[in-house]
Each structure stands twice: as structure tokens, then as C-alpha cells.
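Participant: Below is the file protein18.tsv, which contains TSV, C-alpha atoms and all ligand atoms.
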```
chain	number	residue	atom	x	y	z
A	1	MET	CA	2.29	-0.85	4.20
A	2	ALA	CA	0.55	2.41	3.51
A	3	THR	CA	-1.30	4.27	6.18
A	4	LEU	CA	-4.79	5.48	5.49
A	5	LEU	CA	-5.75	9.13	5.73
A	6	THR	CA	-6.60	10.46	9.18
A	7	ASP	CA	-10.04	11.84	10.03
A	8	HIS	CA	-8.69	15.35	9.64
A	9	GLU	CA	-7.16	14.58	6.22
A	10	ILE	CA	-10.38	12.94	5.00
A	11	THR	CA	-12.35	15.99	6.14
A	12	GLU	CA	-9.99	18.40	4.36
A	13	ARG	CA	-10.12	16.40	1.14
A	14	VAL	CA	-13.92	16.19	1.20
A	15	LEU	CA	-14.40	19.89	2.04
A	16	GLY	CA	-12.07	20.75	-0.84
A	17	HIS	CA	-14.10	18.61	-3.24
A	18	ILE	CA	-17.33	20.21	-2.07
A	19	ALA	CA	-15.90	23.70	-2.57
A	20	ASN	CA	-14.44	22.90	-6.01
A	21	ARG	CA	-17.15	20.49	-7.21
A	22	THR	CA	-14.51	17.81	-7.75
A	23	THR	CA	-13.89	14.23	-6.67
A	24	ASP	CA	-10.89	11.90	-6.51
A	25	VAL	CA	-9.96	10.59	-9.94
A	26	GLY	CA	-7.75	7.74	-11.07
A	27	ASP	CA	-5.19	7.90	-13.84
A	28	GLU	CA	-6.69	5.51	-16.37
A	29	VAL	CA	-9.84	4.22	-17.99
A	30	TRP	CA	-10.15	0.42	-17.80
A	31	ARG	CA	-11.91	-1.87	-20.22
A	32	GLU	CA	-12.85	-5.22	-18.74
A	33	PRO	CA	-14.01	-7.93	-21.16
A	34	VAL	CA	-17.59	-8.99	-20.45
A	35	GLU	CA	-16.51	-12.56	-21.14
A	36	ASN	CA	-14.62	-12.41	-17.83
A	37	TYR	CA	-18.00	-12.21	-16.04
A	38	ARG	CA	-19.59	-15.01	-18.07
A	39	SER	CA	-16.88	-17.60	-18.41
A	40	PRO	CA	-17.03	-20.62	-16.08
A	41	GLU	CA	-13.32	-21.25	-16.77
A	42	ARG	CA	-12.43	-17.75	-15.65
A	43	LEU	CA	-14.53	-18.13	-12.48
A	44	LYS	CA	-12.86	-21.46	-11.73
A	45	LYS	CA	-9.46	-19.76	-11.94
A	46	GLU	CA	-10.62	-16.87	-9.75
A	47	ILE	CA	-11.80	-19.32	-7.10
A	48	GLU	CA	-8.97	-21.83	-7.26
A	49	CYS	CA	-6.01	-19.58	-8.05
A	50	VAL	CA	-6.97	-16.38	-6.25
A	51	MET	CA	-9.59	-16.88	-3.53
A	52	ARG	CA	-8.15	-20.12	-2.17
A	53	ARG	CA	-4.58	-18.88	-2.45
A	54	SER	CA	-5.09	-15.51	-0.78
A	55	PHE	CA	-5.67	-14.72	2.84
A	56	ALA	CA	-9.38	-13.99	2.40
A	57	ALA	CA	-11.41	-12.40	5.18
A	58	PHE	CA	-13.50	-15.21	6.72
A	59	CYS	CA	-15.35	-13.69	9.68
A	60	PRO	CA	-14.85	-10.98	12.30
A	61	SER	CA	-13.00	-11.87	15.50
A	62	ALA	CA	-16.26	-10.86	17.21
A	63	ALA	CA	-17.82	-14.05	15.81
A	64	LEU	CA	-15.31	-16.10	17.83
A	65	PRO	CA	-15.48	-14.43	21.26
A	66	GLU	CA	-14.39	-17.34	23.48
A	67	THR	CA	-12.67	-20.71	23.63
A	68	GLY	CA	-14.66	-23.17	21.54
A	69	SER	CA	-16.50	-20.51	19.53
A	70	TYR	CA	-16.65	-21.62	15.91
A	71	VAL	CA	-17.94	-20.46	12.53
A	72	ALA	CA	-18.53	-22.94	9.72
A	73	ARG	CA	-19.38	-21.90	6.20
A	74	ASP	CA	-18.40	-22.37	2.60
A	75	ALA	CA	-15.46	-20.26	1.49
A	76	ALA	CA	-14.31	-20.36	-2.14
A	77	GLY	CA	-16.48	-23.41	-2.70
A	78	ARG	CA	-15.23	-25.49	0.22
A	79	SER	CA	-16.63	-25.99	3.69
A	80	ILE	CA	-14.29	-24.43	6.25
A	81	VAL	CA	-14.61	-24.17	10.03
A	82	ALA	CA	-12.70	-21.62	12.13
A	83	VAL	CA	-12.50	-22.11	15.88
A	84	ARG	CA	-10.89	-20.42	18.87
A	85	GLY	CA	-8.77	-22.99	20.71
A	86	GLN	CA	-7.99	-23.54	24.40
A	87	ASP	CA	-4.90	-21.36	23.91
A	88	GLY	CA	-6.99	-18.49	22.48
A	89	ILE	CA	-5.55	-18.98	19.00
A	90	VAL	CA	-7.92	-19.21	16.05
A	91	ARG	CA	-7.37	-22.18	13.75
A	92	ALA	CA	-9.24	-23.19	10.62
A	93	PHE	CA	-9.85	-26.59	9.09
A	94	HIS	CA	-11.52	-28.25	6.17
A	95	ASN	CA	-14.92	-29.08	7.65
A	96	VAL	CA	-14.81	-32.68	6.47
A	97	CYS	CA	-14.72	-35.82	8.61
A	98	ARG	CA	-11.74	-38.12	8.11
A	99	HIS	CA	-13.95	-41.22	8.40
A	100	ARG	CA	-16.32	-40.93	5.44
A	101	GLY	CA	-16.32	-37.25	4.64
A	102	MET	CA	-19.35	-35.92	6.49
A	103	ARG	CA	-19.50	-32.20	7.27
A	104	ILE	CA	-18.53	-31.94	10.91
A	105	ALA	CA	-19.71	-28.53	12.14
A	106	ASN	CA	-22.73	-26.48	11.09
A	107	ASP	CA	-23.27	-22.71	11.18
A	108	SER	CA	-21.80	-21.34	14.39
A	109	GLY	CA	-21.78	-21.99	18.11
A	110	CYS	CA	-19.52	-22.86	21.02
A	111	THR	CA	-18.29	-26.36	21.72
A	112	ARG	CA	-15.68	-28.29	23.71
A	113	ALA	CA	-15.01	-30.67	20.81
A	114	PHE	CA	-16.29	-31.37	17.30
A	115	VAL	CA	-18.41	-34.50	17.07
A	116	CYS	CA	-19.19	-35.75	13.58
A	117	PRO	CA	-22.95	-36.15	13.31
A	118	TYR	CA	-22.70	-39.35	11.22
A	119	HIS	CA	-20.84	-41.87	13.45
A	120	GLY	CA	-19.52	-39.70	16.22
A	121	TRP	CA	-15.82	-39.39	15.51
A	122	THR	CA	-14.70	-36.65	17.86
A	123	TYR	CA	-12.04	-34.02	17.23
A	124	GLU	CA	-10.28	-31.63	19.62
A	125	LEU	CA	-10.50	-27.88	19.00
A	126	ASP	CA	-6.97	-28.10	17.56
A	127	GLY	CA	-8.19	-30.69	15.04
A	128	ARG	CA	-6.66	-33.83	16.60
A	129	LEU	CA	-8.83	-36.95	16.45
A	130	ARG	CA	-9.65	-37.61	20.09
A	131	HIS	CA	-12.06	-40.50	20.02
A	132	LEU	CA	-14.02	-42.83	17.79
A	133	PRO	CA	-16.84	-45.09	18.93
A	134	HIS	CA	-16.12	-48.83	18.84
A	135	THR	CA	-12.43	-48.41	18.12
A	136	GLU	CA	-12.01	-52.18	17.76
A	137	GLY	CA	-13.61	-51.92	14.29
A	138	PHE	CA	-10.58	-49.95	13.11
A	139	PRO	CA	-7.54	-52.06	14.01
A	140	ASN	CA	-4.25	-50.22	13.41
A	141	LEU	CA	-5.93	-46.88	12.64
A	142	ASP	CA	-3.30	-44.20	13.17
A	143	LYS	CA	-5.23	-41.48	14.98
A	144	ASP	CA	-2.45	-38.98	14.43
A	145	ARG	CA	-3.01	-39.21	10.70
A	146	HIS	CA	-6.76	-38.75	10.90
A	147	GLY	CA	-7.08	-35.32	12.43
A	148	MET	CA	-9.04	-32.55	10.75
A	149	VAL	CA	-6.99	-31.05	7.93
A	150	ALA	CA	-5.85	-27.53	8.72
A	151	VAL	CA	-5.81	-24.50	6.45
A	152	GLU	CA	-3.90	-21.34	7.29
A	153	ALA	CA	-5.68	-18.92	9.58
A	154	VAL	CA	-4.51	-15.55	10.89
A	155	GLU	CA	-6.27	-13.15	13.23
A	156	ARG	CA	-5.44	-9.52	12.43
A	157	GLN	CA	-7.11	-6.15	13.03
A	158	GLY	CA	-10.34	-7.68	14.31
A	159	LEU	CA	-10.75	-10.16	11.48
A	160	ILE	CA	-9.99	-13.80	10.78
A	161	PHE	CA	-8.28	-14.41	7.44
A	162	VAL	CA	-8.08	-17.89	5.92
A	163	ALA	CA	-5.84	-19.15	3.10
A	164	GLN	CA	-6.67	-22.61	1.81
A	165	THR	CA	-3.36	-23.18	0.06
A	166	ALA	CA	0.03	-23.18	1.75
A	167	GLY	CA	2.37	-20.38	0.75
A	168	ALA	CA	-0.31	-17.72	0.23
A	169	ASN	CA	1.00	-14.18	-0.05
A	170	PRO	CA	1.22	-12.49	3.34
A	171	ILE	CA	-1.75	-10.46	4.48
A	172	GLN	CA	-1.49	-6.79	3.64
A	173	VAL	CA	-3.43	-4.54	5.91
A	174	ALA	CA	-3.07	-0.84	6.49
A	175	ASP	CA	-1.17	0.23	9.58
A	176	GLY	CA	-3.17	1.74	12.36
A	177	GLN	CA	-6.22	0.80	14.27
A	178	ASP	CA	-8.26	-2.39	13.92
A	179	LEU	CA	-10.85	-2.52	11.19
A	180	ILE	CA	-13.22	-3.97	13.77
A	181	GLN	CA	-12.42	-3.13	17.39
A	182	PRO	CA	-12.79	-5.46	20.36
A	183	GLU	CA	-15.74	-3.55	21.85
A	184	GLN	CA	-17.79	-3.93	18.68
A	185	LYS	CA	-20.26	-6.78	19.24
A	186	LEU	CA	-21.66	-9.17	16.64
A	187	TYR	CA	-25.43	-8.90	16.49
A	188	SER	CA	-26.43	-10.44	13.19
A	189	VAL	CA	-25.22	-12.98	10.64
A	190	SER	CA	-27.13	-13.43	7.42
A	191	MET	CA	-26.72	-14.81	3.94
A	192	ARG	CA	-28.50	-13.73	0.80
A	193	GLU	CA	-28.16	-14.98	-2.75
A	194	THR	CA	-27.84	-12.29	-5.41
A	195	ASN	CA	-28.32	-13.11	-9.09
A	196	ALA	CA	-25.11	-11.59	-10.36
A	197	ASN	CA	-21.44	-12.39	-10.82
A	198	TRP	CA	-19.44	-11.72	-7.66
A	199	LYS	CA	-17.42	-8.99	-9.40
A	200	VAL	CA	-20.55	-7.12	-10.47
A	201	VAL	CA	-21.76	-7.25	-6.85
A	202	LEU	CA	-18.38	-5.97	-5.66
A	203	GLU	CA	-18.19	-3.14	-8.20
A	204	GLY	CA	-21.52	-1.76	-6.95
A	205	PHE	CA	-19.87	-0.85	-3.64
A	206	LEU	CA	-16.73	0.78	-4.98
A	207	GLU	CA	-17.80	4.01	-6.63
A	208	GLY	CA	-20.06	6.98	-5.90
A	209	TYR	CA	-20.68	7.89	-9.52
A	210	HIS	CA	-24.09	6.12	-9.36
A	211	ILE	CA	-25.42	7.76	-6.20
A	212	ARG	CA	-27.82	10.28	-7.72
A	213	ALA	CA	-29.12	8.05	-10.53
A	214	THR	CA	-29.54	4.86	-8.50
A	215	HIS	CA	-30.33	6.20	-5.03
A	216	PRO	CA	-32.19	9.50	-5.57
A	217	GLU	CA	-34.27	9.26	-2.41
A	218	SER	CA	-32.11	7.05	-0.22
A	219	PHE	CA	-28.36	7.73	-0.18
A	220	PHE	CA	-28.44	10.88	-2.34
A	221	ALA	CA	-30.87	12.56	0.05
A	222	TYR	CA	-28.09	12.60	2.68
A	223	GLY	CA	-24.97	12.35	0.55
A	224	PHE	CA	-23.37	13.61	-2.63
A	225	ASP	CA	-23.30	12.44	-6.19
A	226	ASN	CA	-19.85	11.48	-7.39
A	227	LEU	CA	-17.89	12.89	-4.47
A	228	ASN	CA	-15.51	10.38	-2.95
A	229	VAL	CA	-12.08	9.92	-1.50
A	230	VAL	CA	-10.41	6.83	-2.94
A	231	GLU	CA	-7.37	5.29	-1.25
A	232	ARG	CA	-5.47	2.19	-2.24
A	233	PHE	CA	-3.46	0.11	0.20
A	234	GLY	CA	-1.72	-3.01	-1.11
A	235	ASN	CA	-4.28	-5.05	-3.00
A	236	HIS	CA	-7.10	-3.32	-1.17
A	237	SER	CA	-8.87	0.00	-1.25
A	238	ARG	CA	-11.04	2.30	0.80
A	239	VAL	CA	-13.73	4.53	-0.66
A	240	THR	CA	-15.17	7.33	1.48
A	241	PHE	CA	-18.78	8.43	0.88
A	242	PRO	CA	-19.38	11.67	2.81
A	243	PHE	CA	-22.75	12.76	4.18
A	244	ARG	CA	-23.79	16.38	3.55
A	245	ARG	CA	-23.55	17.05	7.27
A	246	ILE	CA	-19.73	16.70	7.06
A	247	GLN	CA	-19.76	20.43	6.24
A	248	LYS	CA	-20.31	21.04	9.95
A	249	LEU	CA	-16.77	19.77	10.56
A	250	ALA	CA	-15.38	22.87	8.83
A	251	ALA	CA	-16.03	24.65	12.13
A	252	VAL	CA	-14.29	21.98	14.25
A	253	PRO	CA	-10.55	22.39	15.00
A	254	PRO	CA	-8.57	19.96	12.81
A	255	GLN	CA	-7.28	17.73	15.60
A	256	GLU	CA	-10.78	17.34	17.04
A	257	ARG	CA	-12.42	16.23	13.83
A	258	ARG	CA	-13.96	12.73	13.97
A	259	VAL	CA	-15.61	11.52	10.79
A	260	MET	CA	-17.63	8.64	12.26
A	261	GLY	CA	-21.26	9.55	11.54
A	262	TYR	CA	-20.22	12.01	8.83
A	263	VAL	CA	-19.03	9.49	6.23
A	264	THR	CA	-19.55	5.90	5.17
A	265	PHE	CA	-16.30	4.01	4.61
A	266	VAL	CA	-16.25	1.06	2.25
A	267	TYR	CA	-13.11	-1.05	2.47
A	268	HIS	CA	-12.47	-3.62	-0.20
A	269	LEU	CA	-10.28	-6.40	1.15
A	270	PHE	CA	-8.98	-8.27	-1.86
A	271	PRO	CA	-10.21	-10.56	-3.22
A	272	ASN	CA	-13.80	-10.94	-2.09
A	273	ALA	CA	-14.61	-9.06	1.12
A	274	LEU	CA	-15.97	-5.64	1.96
A	275	ILE	CA	-16.21	-3.77	5.22
A	276	THR	CA	-18.86	-1.07	5.28
A	277	VAL	CA	-18.53	1.31	8.21
A	278	LEU	CA	-21.81	3.15	8.72
A	279	SER	CA	-22.83	5.58	11.45
A	280	ASN	CA	-23.90	3.00	14.02
A	281	HIS	CA	-22.93	-0.36	12.64
A	282	THR	CA	-20.26	-2.07	10.58
A	283	ASN	CA	-20.69	-4.99	8.18
A	284	LEU	CA	-18.19	-7.52	6.97
A	285	LEU	CA	-19.61	-8.75	3.66
A	286	VAL	CA	-18.02	-11.79	2.04
A	287	LEU	CA	-18.92	-12.52	-1.57
A	288	GLU	CA	-19.00	-16.24	-2.27
A	289	PRO	CA	-19.52	-17.16	-5.93
A	290	GLN	CA	-22.06	-19.94	-6.53
A	291	GLY	CA	-21.82	-19.78	-10.31
A	292	VAL	CA	-20.95	-17.16	-12.93
A	293	ASP	CA	-24.28	-15.42	-12.28
A	294	ARG	CA	-24.99	-16.18	-8.63
A	295	THR	CA	-23.27	-14.95	-5.46
A	296	ASN	CA	-23.96	-15.60	-1.83
A	297	VAL	CA	-23.38	-12.46	0.21
A	298	VAL	CA	-22.54	-13.45	3.78
A	299	ALA	CA	-23.02	-10.51	6.16
A	300	TYR	CA	-21.59	-10.21	9.66
A	301	SER	CA	-22.89	-7.09	11.41
A	302	VAL	CA	-21.34	-5.55	14.50
A	303	THR	CA	-22.37	-2.54	16.56
A	304	ASN	CA	-20.20	0.58	16.52
A	305	LYS	CA	-21.03	1.99	19.92
A	306	SER	CA	-19.49	0.80	23.13
A	307	GLY	CA	-21.45	1.21	26.33
A	308	ASP	CA	-24.94	-0.11	26.86
A	309	PRO	CA	-25.48	-3.05	24.44
A	310	ALA	CA	-29.23	-2.36	24.10
A	311	ASP	CA	-28.55	1.26	23.06
A	312	ALA	CA	-25.85	0.15	20.63
A	313	LEU	CA	-28.20	-2.38	19.05
A	314	GLU	CA	-31.05	0.08	18.74
A	315	ALA	CA	-28.76	2.61	17.06
A	316	ALA	CA	-27.50	-0.09	14.66
A	317	GLN	CA	-31.05	-1.04	13.73
A	318	ARG	CA	-31.91	2.57	12.97
A	319	ASP	CA	-29.03	2.60	10.47
A	320	VAL	CA	-30.18	-0.62	8.90
A	321	ALA	CA	-33.69	0.69	8.25
A	322	PHE	CA	-32.01	3.41	6.14
A	323	THR	CA	-29.35	1.33	4.38
A	324	ASP	CA	-31.74	-1.52	3.50
A	325	ILE	CA	-33.51	0.71	0.97
A	326	GLY	CA	-30.26	1.61	-0.77
A	327	ALA	CA	-29.06	-2.00	-0.66
A	328	ALA	CA	-32.26	-3.19	-2.39
A	329	GLU	CA	-31.70	-0.54	-5.09
A	330	ASP	CA	-28.16	-1.85	-5.62
A	331	ARG	CA	-29.33	-5.48	-5.82
A	332	ALA	CA	-31.88	-4.60	-8.50
A	333	ILE	CA	-29.10	-2.93	-10.52
A	334	VAL	CA	-26.59	-5.75	-10.31
A	335	SER	CA	-29.07	-8.46	-11.28
A	336	ALA	CA	-30.27	-6.37	-14.23
A	337	ILE	CA	-26.64	-5.96	-15.37
A	338	GLN	CA	-26.20	-9.70	-15.18
A	339	ARG	CA	-29.33	-10.35	-17.27
A	340	GLY	CA	-28.13	-7.78	-19.81
A	341	MET	CA	-24.95	-9.77	-20.40
A	342	ALA	CA	-27.01	-12.31	-22.38
A	343	SER	CA	-27.45	-9.66	-25.09
A	344	ASP	CA	-23.86	-9.61	-26.38
A	345	VAL	CA	-24.04	-5.84	-26.76
A	346	ASN	CA	-20.92	-4.96	-24.81
A	347	GLU	CA	-17.63	-6.60	-25.52
A	348	CYS	CA	-16.17	-4.71	-22.59
A	349	PHE	CA	-17.40	-2.71	-19.63
A	350	THR	CA	-15.68	0.65	-19.37
A	351	PHE	CA	-14.65	1.96	-15.95
A	352	GLY	CA	-13.87	5.67	-15.92
A	353	ARG	CA	-11.56	7.77	-13.81
A	354	TYR	CA	-14.23	8.12	-11.09
A	355	GLU	CA	-14.25	4.33	-10.73
A	356	SER	CA	-10.59	3.96	-9.82
A	357	ALA	CA	-11.11	1.57	-6.90
A	358	ILE	CA	-12.69	-0.84	-9.39
A	359	VAL	CA	-9.78	-0.32	-11.79
A	360	HIS	CA	-7.39	-1.15	-8.94
A	361	PHE	CA	-9.37	-4.33	-8.25
A	362	HIS	CA	-9.28	-5.54	-11.87
A	363	ARG	CA	-5.61	-4.71	-12.22
A	364	THR	CA	-4.85	-6.62	-9.02
A	365	LEU	CA	-7.01	-9.59	-10.01
A	366	ASP	CA	-5.37	-9.85	-13.44
A	367	ALA	CA	-1.92	-9.70	-11.84
A	368	ALA	CA	-2.86	-12.42	-9.33
A	369	LEU	CA	-4.18	-14.68	-12.09
A	370	GLU	CA	-1.05	-14.11	-14.16
A	371	ARG	CA	1.18	-14.90	-11.21
A	372	GLU	CA	-0.62	-18.18	-10.64
A	373	ALA	CA	-0.48	-19.07	-14.32
A	374	ASP	CA	3.33	-18.70	-14.13
A	375	ARG	CA	3.70	-20.97	-11.10
A	401	LIG	S1	-18.36	-39.76	8.58
A	401	LIG	FE1	-17.81	-38.76	10.38
A	401	LIG	S2	-17.92	-40.29	11.86
A	401	LIG	FE2	-18.44	-41.30	10.04
A	402	FE	FE	-25.25	1.86	-4.58
```
As C-alpha cells - that is how I would like this structure written.
Facilitator:
Amino acid sequence: MATLLTDHEITERVLGHIANRTTDVGDEVWREPVENYRSPERLKKEIECVMRRSFAAFCPSAALPETGSYVARDAAGRSIVAVRGQDGIVRAFHNVCRHRGMRIANDSGCTRAFVCPYHGWTYELDGRLRHLPHTEGFPNLDKDRHGMVAVEAVERQGLIFVAQTAGANPIQVADGQDLIQPEQKLYSVSMRETNANWKVVLEGFLEGYHIRATHPESFFAYGFDNLNVVERFGNHSRVTFPFRRIQKLAAVPPQERRVMGYVTFVYHLFPNALITVLSNHTNLLVLEPQGVDRTNVVAYSVTNKSGDPADALEAAQRDVAFTDIGAAEDRAIVSAIQRGMASDVNECFTFGRYESAIVHFHRTLDAALEREADR
């Protein structure tokens, strides 16, 4: 698997672009049919054939800090619960009781066992059915065949990945350090519905060509218009958005250059997750389609700073006050794009050479759908 550029290499590339008034460019223009954003059949395939069959980022490891910590939420249209077991290993299950189908766990927390809220069937952290009240009502029930049904879960680089279908392609992550490191602490989990197709929401994060027009007083005040480093690794990508203050690094010896605080990194983890690394906090954003024109954005936020937790939290909140303005500007854009699709004006959306991370996404998504169609 590819390695990502080092801090020094990122700095060199960005300083070069500033000097030459250039940016990274891809090798092709992509035309994506608008019908692919409007078609319920297409969305069904994306959910069933791609999201459920890929190792999709589910939550950060930081959301499951100890034995019994669990996170329950809908992923690709199904309720899934991930839990850290007695042995420290994270497992994931369909969050559905084997008695009469009730949802077993809600939201997140820490527990010694899962107790179904309907009649109290009780499951171990490894999914085995431990106990049911008034067992005599269920003569001959084979407990071993009534455990919670597992899905594949893997913990890698500070994240939990879940694949709902056996035989999913192996996870591809870049070599090197964790995307979220053990000392980064979870401080917020939120969910917000956005009135746009999940791919429109995703595309808004993956290019810097819109910075001046969309964010004149927020991001553009500190950053650049259309000046990005774009890297692809496996199915994924990373887009670097430098701040103007990165020019100070020109005076720092190459091996001492650290870009944290001088750039925002946006990682796209195929198919439907983003990691945004800001100066003082990092978000894992998971895009969960609710319909062709509605997406739940689940956000897990972790601090960046180690050391005093109160300081780290205060620094993270300072970041958020800044990024919230830009995020609201992006949400207004994506929902307006979605409304515009009713007008039948565009047969295709055209992604130019500045939007190459989006081109990589569409190419990868088409290939994944084709592969599944051939199965
Ligand atoms: S549905 Fe879960 S115990 Fe009855
Ligand atoms: Fe934006």
C-alpha cells in the first residue's frame, strides 16, 4: 500500500504551488450522470453492493475505550453494534434480538452484557445468548443458535471498520502512523441530517476549487483558493488544504517541519467516511444515506492535543467555532445542488482536473458496482 507524503514533502509541494500559482491536477475530466444522484435503484446498489460489502469506517477506537464499551447506530441502513470484549477485541453484530427482533443496544455506553429491553434476553459481549427469563417457556431452544449475529469487524489505525457481508475486500490503509492516535480523546458525537445525496455531501469535502467563492470570509480568509495537494491511496484519498501561515515553514529546516496547525487534511475513506484533521481536533464523519436526497452525517470528534484534557478540549472548541461557519456554508451549497436536480438542466455534472479526488471516488465506485454486478 502506498505511503502518504511526509510533512516535509507536503510543505515543499505547497510552497512550490504558492510560488508558481499552481495546484495539483488530475489527468482527466469526469462526467457523472445526474441520474446517479436521483435514482433509488442506484442508491440501493450503492448501499447493498458497496457499503455493506466494504470495510466501512464505523467509529473511532476512542469511542470504545474499555471492556464493554459499545457504539450502536445504523450503518448502510441496518442497526449495528460494535463492542470491546473481555479479551480487548472489538466485535460487531446486527443489533437485533433473536427472540422477536427488538433492537438490543441504543446509542453508546459501557455494559457487562446486552439485555434486550423487550423481554430481557441477555447476550454476552461476544454475542452468545447467556440467559432468557422463564426458560421453561422455550423447551428445546438451542441457545447456541440464538446468539447475536456477527458481522466482520477490524480495528486498524485508530478506527473500527465493519463489513456486513462475508468476503469483503481487505481493508486498504496507508502505511505509517494511525489516523487517530491513542492519546486523542473522544469529546463529542453528533448526528445531523443534510438534505442532499450522500455523494454530493462527500464531494463538498474533496476539492479546494470552491474555497474563495463559497467561503470568502471563513476558510479563504486563512487559506488559499484552489491550492491543494491530492494523494490517492488504494480506494481512498487525502486532500491537503494549506493555511497561509504555512509560508513560515519555508524558514524551518526540512526535517523539523511539522504541518499540524498549518494545513487541514481531509481523508476520504472509501466508500462513505471522511477524516478531517484540523489544528486542534479531528473528526470522523460517516455519511449514512437515508434516501436519494437525505444523508445523516454522524460525527465523532476527538482532541488532537495530548496533555491536560481541559486544555485539549478548549483548543478543540476554539477550532469548532471557526469551522462551524464554513460547514454551514457547505451545507447550504449541497442542499441547493440537490434542489437544483429537479430542474433536469444537467444531464451530467462535470468534474475538472482540480477535482481529481472526486474523480478517483467516482471511478472507484463505478468499479465496485461493476465488480458486484459480475458476482
Ligand atoms: S424481543 Fe428481545 S427479548 Fe423479546
Ligand atoms: Fe467547503
Participant: Taking the point (-16.8, -16.1, -8.0) as given in the file, collect each protein or nucleic acid residue that comes within 8 Å of it, counting only C-alpha atoms, and present the set as a list of chain:residue names.
Facilitator: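 In the file's frame, the residues around the point are A:Leu43, A:Lys44, A:Glu46, A:Ile47, A:Ala76, A:Asn197, A:Trp198, A:Lys199, A:Leu287, A:Glu288, A:Pro289, A:Gln290, A:Gly291, A:Val292, A:Thr295.
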Participant: From the set A:Ala373, A:Val252, A:Leu278, A:Leu206, which residue has the shortest atom-to-atom contact distance to ligand FE 402 (chain A), counting all atoms listed in the file?
Facilitator: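 Using all atoms listed in the file, the shortest distance to ligand FE 402 (chain A) belongs to A:Leu206.
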Participant: Measuring atom to atom with all atoms listed in the file, identify which of A:Arg339, A:Gln177, A:Gln184, A:Thr67 is nearest to A:Gly307.
Facilitator: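 Comparing A:Arg339, A:Gln177, A:Gln184, A:Thr67 against A:Gly307, the winner is A:Gln184.
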Participant: Can you tell me which residues come within 8 Å of ligand FE 402 (chain A) when counting all atoms listed in the file, ideally as a PyMOL selection string?
Facilitator: chain A and resi 204-205+208+210-211+214-215+219+326-327+329-330
Participant: For ligand LIG 401 (chain A), take all atoms listed in the file, fit an axis-aligned box around them, add 6 Å to each of the six sides, then output centre and edge lengths in Å rounded to one decimal, as AutoDock Vina command-line options.
Facilitator:
```
--center_x -18.1 --center_y -40.0 --center_z 10.2 --size_x 12.6 --size_y 14.5 --size_z 15.3
```
Participant: Let me make sure I understand: among A:Tyr300, A:Trp30, A:Phe243, A:Tyr123, which one has the smallest atom-to-atom distance to A:Arg192 if we use all atoms listed in the file?
Facilitator: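 Closest to A:Arg192 of all the choices is A:Tyr300.
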Participant: Render stretch 124-130 of chain A from the structure in the preceding block as a file of all heavy atoms, as a CSV table (one decimal), in the first residue's frame.
Facilitator:
```csv
chain,number,residue,atom,x,y,z
A,124,GLU,N,-23.9,-12.2,26.0
A,124,GLU,CA,-22.5,-11.8,26.4
A,124,GLU,C,-22.0,-10.8,25.4
A,124,GLU,O,-22.5,-10.6,24.3
A,124,GLU,CB,-21.6,-13.1,26.3
A,124,GLU,CG,-22.1,-14.3,27.1
A,124,GLU,CD,-21.9,-14.2,28.6
A,124,GLU,OE1,-21.3,-13.1,29.0
A,124,GLU,OE2,-22.2,-15.1,29.3
A,125,LEU,N,-20.8,-10.2,25.8
A,125,LEU,CA,-20.2,-9.2,24.9
A,125,LEU,C,-19.7,-9.9,23.6
A,125,LEU,O,-19.5,-9.2,22.6
A,125,LEU,CB,-19.0,-8.5,25.6
A,125,LEU,CG,-19.4,-7.7,26.9
A,125,LEU,CD1,-18.1,-7.1,27.5
A,125,LEU,CD2,-20.4,-6.7,26.6
A,126,ASP,N,-19.5,-11.2,23.6
A,126,ASP,CA,-19.1,-11.9,22.4
A,126,ASP,C,-20.3,-12.4,21.6
A,126,ASP,O,-20.2,-13.1,20.7
A,126,ASP,CB,-18.1,-13.0,22.7
A,126,ASP,CG,-18.7,-14.1,23.5
A,126,ASP,OD1,-19.9,-14.1,23.8
A,126,ASP,OD2,-18.0,-15.0,23.9
A,127,GLY,N,-21.5,-11.9,22.0
A,127,GLY,CA,-22.7,-12.2,21.3
A,127,GLY,C,-23.5,-13.5,21.7
A,127,GLY,O,-24.6,-13.7,21.3
A,128,ARG,N,-22.8,-14.4,22.5
A,128,ARG,CA,-23.5,-15.6,22.9
A,128,ARG,C,-24.8,-15.3,23.8
A,128,ARG,O,-24.7,-14.4,24.6
A,128,ARG,CB,-22.6,-16.5,23.7
A,128,ARG,CG,-21.6,-17.3,22.8
A,128,ARG,CD,-20.7,-18.1,23.6
A,128,ARG,NE,-19.9,-17.2,24.5
A,128,ARG,CZ,-19.4,-17.5,25.7
A,128,ARG,NH1,-19.7,-18.7,26.2
A,128,ARG,NH2,-18.7,-16.7,26.4
A,129,LEU,N,-25.8,-16.0,23.6
A,129,LEU,CA,-27.0,-15.9,24.4
A,129,LEU,C,-26.7,-16.5,25.7
A,129,LEU,O,-26.5,-17.7,25.8
A,129,LEU,CB,-28.2,-16.6,23.7
A,129,LEU,CG,-29.5,-16.5,24.5
A,129,LEU,CD1,-30.0,-15.1,24.7
A,129,LEU,CD2,-30.6,-17.3,23.7
A,130,ARG,N,-26.7,-15.7,26.8
A,130,ARG,CA,-26.4,-16.1,28.1
A,130,ARG,C,-27.6,-16.6,28.8
A,130,ARG,O,-27.6,-17.7,29.5
A,130,ARG,CB,-25.7,-15.0,28.9
A,130,ARG,CG,-25.4,-15.4,30.3
A,130,ARG,CD,-25.3,-14.2,31.3
A,130,ARG,NE,-24.2,-13.4,31.0
A,130,ARG,CZ,-23.9,-12.2,31.6
A,130,ARG,NH1,-24.8,-11.8,32.6
A,130,ARG,NH2,-22.9,-11.5,31.3
```
